[in-house]
$ cat structure_11.cif   # mmCIF, C-alpha atoms
data_input
#
loop_
_atom_site.label_atom_id
_atom_site.label_comp_id
_atom_site.auth_asym_id
_atom_site.auth_seq_id
_atom_site.Cartn_x
_atom_site.Cartn_y
_atom_site.Cartn_z
CA ARG A 1 -19.90 33.11 15.10
CA TRP A 2 -18.68 29.60 14.25
CA GLU A 3 -20.30 27.68 17.12
CA ASP A 4 -22.89 25.77 15.06
CA ARG A 5 -20.37 24.92 12.35
CA ILE A 6 -17.80 23.82 14.93
CA ARG A 7 -20.35 21.39 16.36
CA GLU A 8 -21.02 20.02 12.86
CA TRP A 9 -17.32 19.65 12.13
CA ALA A 10 -16.74 17.98 15.51
CA ARG A 11 -19.42 15.39 14.71
CA GLU A 12 -17.97 14.87 11.24
CA PHE A 13 -14.45 14.30 12.57
CA ASP A 14 -15.47 12.67 15.86
CA VAL A 15 -13.45 15.13 17.90
CA ASN A 16 -14.16 17.35 20.88
CA PRO A 17 -15.53 20.62 19.44
CA ASN A 18 -13.29 22.53 21.83
CA LEU A 19 -10.22 21.25 19.99
CA ILE A 20 -11.45 22.71 16.71
CA ALA A 21 -12.37 25.96 18.47
CA LEU A 22 -8.97 26.07 20.18
CA VAL A 23 -7.03 25.69 16.91
CA MET A 24 -9.27 28.23 15.19
CA GLN A 25 -8.80 30.67 18.09
CA ILE A 26 -5.02 30.57 18.06
CA GLU A 27 -4.60 30.27 14.30
CA SER A 28 -7.09 32.81 12.93
CA CYS A 29 -9.40 33.97 15.74
CA GLY A 30 -12.20 32.91 13.40
CA ASP A 31 -11.07 34.88 10.33
CA GLN A 32 -11.74 32.62 7.36
CA THR A 33 -9.76 34.99 5.10
CA ALA A 34 -6.60 34.99 7.25
CA ILE A 35 -3.33 34.40 5.43
CA SER A 36 -0.08 34.18 7.37
CA ARG A 37 3.35 35.43 6.33
CA ALA A 38 4.30 31.77 5.82
CA GLY A 39 1.34 31.26 3.46
CA ALA A 40 -0.98 29.33 5.79
CA MET A 41 -4.61 30.09 5.05
CA GLY A 42 -8.09 30.22 6.49
CA LEU A 43 -9.68 29.35 9.79
CA MET A 44 -7.21 26.59 10.62
CA GLN A 45 -4.22 28.26 8.87
CA VAL A 46 -3.50 25.26 6.68
CA MET A 47 -0.51 25.35 4.34
CA PRO A 48 -1.35 25.23 0.62
CA PHE A 49 0.40 21.90 0.03
CA HIS A 50 -2.27 20.16 2.17
CA PHE A 51 -5.01 20.98 -0.34
CA ARG A 52 -5.99 19.15 -3.48
CA ASN A 53 -5.70 20.88 -6.82
CA GLY A 54 -8.64 23.21 -7.38
CA GLU A 55 -9.85 23.27 -3.76
CA ASN A 56 -10.85 26.64 -2.34
CA MET A 57 -8.37 26.95 0.53
CA LEU A 58 -10.40 29.70 2.21
CA ASP A 59 -13.71 27.83 2.11
CA PRO A 60 -14.43 27.11 5.81
CA ASP A 61 -15.54 23.50 5.26
CA THR A 62 -12.58 22.68 3.05
CA ASN A 63 -10.13 24.49 5.31
CA VAL A 64 -11.34 22.77 8.48
CA ARG A 65 -11.44 19.40 6.70
CA ARG A 66 -7.80 19.75 5.64
CA GLY A 67 -6.80 21.15 9.03
CA MET A 68 -8.43 18.25 10.84
CA ILE A 69 -6.66 15.75 8.58
CA VAL A 70 -3.34 17.36 9.54
CA PHE A 71 -4.28 17.48 13.24
CA TYR A 72 -5.49 13.86 13.28
CA GLU A 73 -2.28 12.73 11.58
CA CYS A 74 -0.29 14.62 14.22
CA LEU A 75 -2.37 13.14 17.03
CA THR A 76 -2.30 9.52 15.87
CA GLN A 77 0.97 9.10 13.98
CA PHE A 78 3.36 11.52 15.63
CA ALA A 79 2.08 12.45 19.10
CA ASP A 80 0.82 9.07 20.35
CA TRP A 81 -2.56 10.65 21.29
CA ASP A 82 -0.95 13.42 23.37
CA VAL A 83 -3.11 16.47 22.58
CA GLY A 84 -0.39 18.96 23.55
CA MET A 85 2.21 17.30 21.33
CA ALA A 86 -0.35 17.02 18.52
CA LEU A 87 -0.97 20.75 18.76
CA ALA A 88 2.79 21.42 18.69
CA CYS A 89 3.04 19.13 15.65
CA TYR A 90 0.17 21.02 14.00
CA ASN A 91 2.11 24.26 14.38
CA GLY A 92 5.71 23.16 13.94
CA GLY A 93 5.49 19.99 11.92
CA PRO A 94 5.98 16.35 12.88
CA SER A 95 9.69 16.73 13.65
CA VAL A 96 8.94 18.64 16.87
CA THR A 97 7.55 15.45 18.40
CA GLN A 98 11.00 13.89 18.07
CA ARG A 99 12.97 16.78 19.57
CA ALA A 100 13.38 18.43 22.94
CA PHE A 101 11.13 21.42 23.67
CA ASN A 102 14.08 23.82 23.87
CA THR A 103 15.01 23.01 20.25
CA TRP A 104 11.60 24.02 18.88
CA ALA A 105 11.11 27.34 17.14
CA GLN A 106 10.02 30.07 19.56
CA GLU A 107 6.65 30.27 17.78
CA THR A 108 6.02 26.56 18.36
CA GLN A 109 7.05 26.82 22.02
CA SER A 110 4.59 29.69 22.49
CA TYR A 111 1.89 27.88 20.53
CA TYR A 112 2.34 24.82 22.75
CA ARG A 113 2.08 26.91 25.92
CA TRP A 114 -1.02 28.77 24.70
CA ALA A 115 -2.74 25.65 23.34
CA THR A 116 -2.07 23.39 26.32
CA GLY A 117 -3.03 26.14 28.76
CA ILE A 118 -6.33 26.77 26.99
CA TRP A 119 -6.96 23.03 26.65
CA GLN A 120 -6.35 22.57 30.39
CA ASP A 121 -8.86 25.35 31.14
CA VAL A 122 -11.39 23.59 28.90
CA GLN A 123 -10.77 20.25 30.59
CA LEU A 124 -11.21 21.82 34.00
CA GLY A 125 -14.46 23.47 32.89
CA ASN A 126 -13.15 26.94 33.75
CA GLU A 127 -15.55 29.75 32.90
CA SER A 128 -12.66 32.04 32.01
CA SER A 129 -9.11 31.47 30.90
CA GLN A 130 -6.06 33.34 32.08
CA THR A 131 -4.20 31.69 29.19
CA ILE A 132 -6.53 33.30 26.64
CA SER A 133 -6.09 36.63 28.39
CA ASP A 134 -2.31 36.19 28.23
CA TRP A 135 -2.52 35.14 24.56
CA LEU A 136 -4.61 38.21 23.75
CA GLY A 137 -2.09 40.42 25.55
CA ALA A 138 0.82 38.84 23.67
CA GLY A 139 -0.63 39.74 20.29
CA GLY A 140 -3.74 37.61 19.88
CA SER A 141 -5.89 40.72 20.23
CA ARG A 142 -4.53 42.04 16.90
CA LEU A 143 -5.58 38.80 15.23
CA CYS A 144 -9.04 39.01 16.80
CA THR A 145 -9.46 42.67 15.84
CA SER A 146 -8.66 41.75 12.25
CA ALA A 147 -11.07 38.79 12.41
CA ALA A 148 -13.84 41.01 13.81
CA GLN A 149 -13.34 43.51 11.01
CA GLN A 150 -13.53 40.73 8.41
CA SER A 151 -16.77 39.38 9.86
CA LEU A 152 -18.53 42.77 10.09
CA PRO A 153 -19.79 42.93 6.49
CA SER A 154 -21.24 39.40 6.62
CA ALA A 155 -22.70 39.95 10.10
CA VAL A 156 -24.37 43.16 8.92
CA ALA A 157 -25.67 41.44 5.78
CA GLU A 158 -27.05 38.52 7.83
CA GLY A 159 -28.83 40.94 10.19
CA SER A 160 -30.49 42.87 7.35
#
$ encode --input "structure_11.cif" --output "structure tokens"
Amino acid sequence: RWEDRIREWAREFDVNPNLIALVMQIESCGDQTAISRAGAMGLMQVMPFHFRNGENMLDPDTNVRRGMIVFYECLTQFADWDVGMALACYNGGPSVTQRAFNTWAQETQSYYRWATGIWQDVQLGNESSQTISDWLGAGGSRLCTSAAQQSLPSAVAEGS
């Protein structure tokens, strides 16, 4: 559903489109209306304090723009260009890059395992991903079911 937009965003932010897709997959499974228990919102599950006053936090362009600013800051300032550590930073905040893995919140440890496993599959050019299958089995399928239900009305309207 988001493939064309992901390519546009990747050009805009000069990043591999698979990184944007990976974050969107784990964070919202493509549900632009997703809101977490912690208050993170949208496709990239960005926390409200990352937005400017008056911005629509659920607007896909705005949400991805803010998410990519956070990710790029993690990548360049806190993770020394290590994609796995940048993804952990994206989920758990910059302090995780300064601490041992076993001190991270369980959610961040899992996020790191899922994200780095999927990223490795992408880098290897694998046609399928055991990591995505494992992520789906560990609860990701609920997120994707919710995302699919959210996209049904717009998909039906676009097809009419």
$ resolve_selection --input "structure_11.cif" --expression "the PyMOL selection byres ((chain A and resi 68-73) around 9)" --output "PyMOL selection string"
chain A and resi 13+20+44+46+50+63-67+74-79+86-87+89-90
$ resolve_selection --input "structure_11.cif" --expression "the PyMOL selection byres ((chain A and resi 142-150) around 12)" --output "ChimeraX atom specification"
/A:1,24-36,42-43,132,135-141,151-156
$ atom_distance --input "structure_11.cif" --atom1 "CA of Arg37 in chain A" --atom2 "CA of Asn16 in chain A"
29.1 Å
$ axis_aligned_box --input "structure_11.cif" --around "range 102-110 of chain A" --padding-each-side "4 Å" --output "AutoDock Vina command-line options"
--center_x 9.8 --center_y 26.6 --center_z 20.5 --size_x 18.4 --size_y 15.3 --size_z 14.7
$ atom_distance --input "structure_11.cif" --atom1 "CA of Asp59 in chain A" --atom2 "CA of Met41 in chain A"
9.8 Å
$ atom_distance --input "structure_11.cif" --atom1 "CA of Gln45 in chain A" --atom2 "CA of Asn91 in chain A"
9.3 Å
$ resolve_selection --input "structure_11.cif" --expression "the PyMOL selection byres ((chain A and resi 113-115) around 10)" --output "ChimeraX atom specification"
/A:19,22-23,25-26,83-85,87-88,107-112,116-121,131-132,134-135
$ closest_residue --input "structure_11.cif" --among "A:Ser133, A:Thr62, A:Thr103, A:Gln98" --to "Trp9 in chain A" --atoms "all atoms listed in the file"
A:Thr62
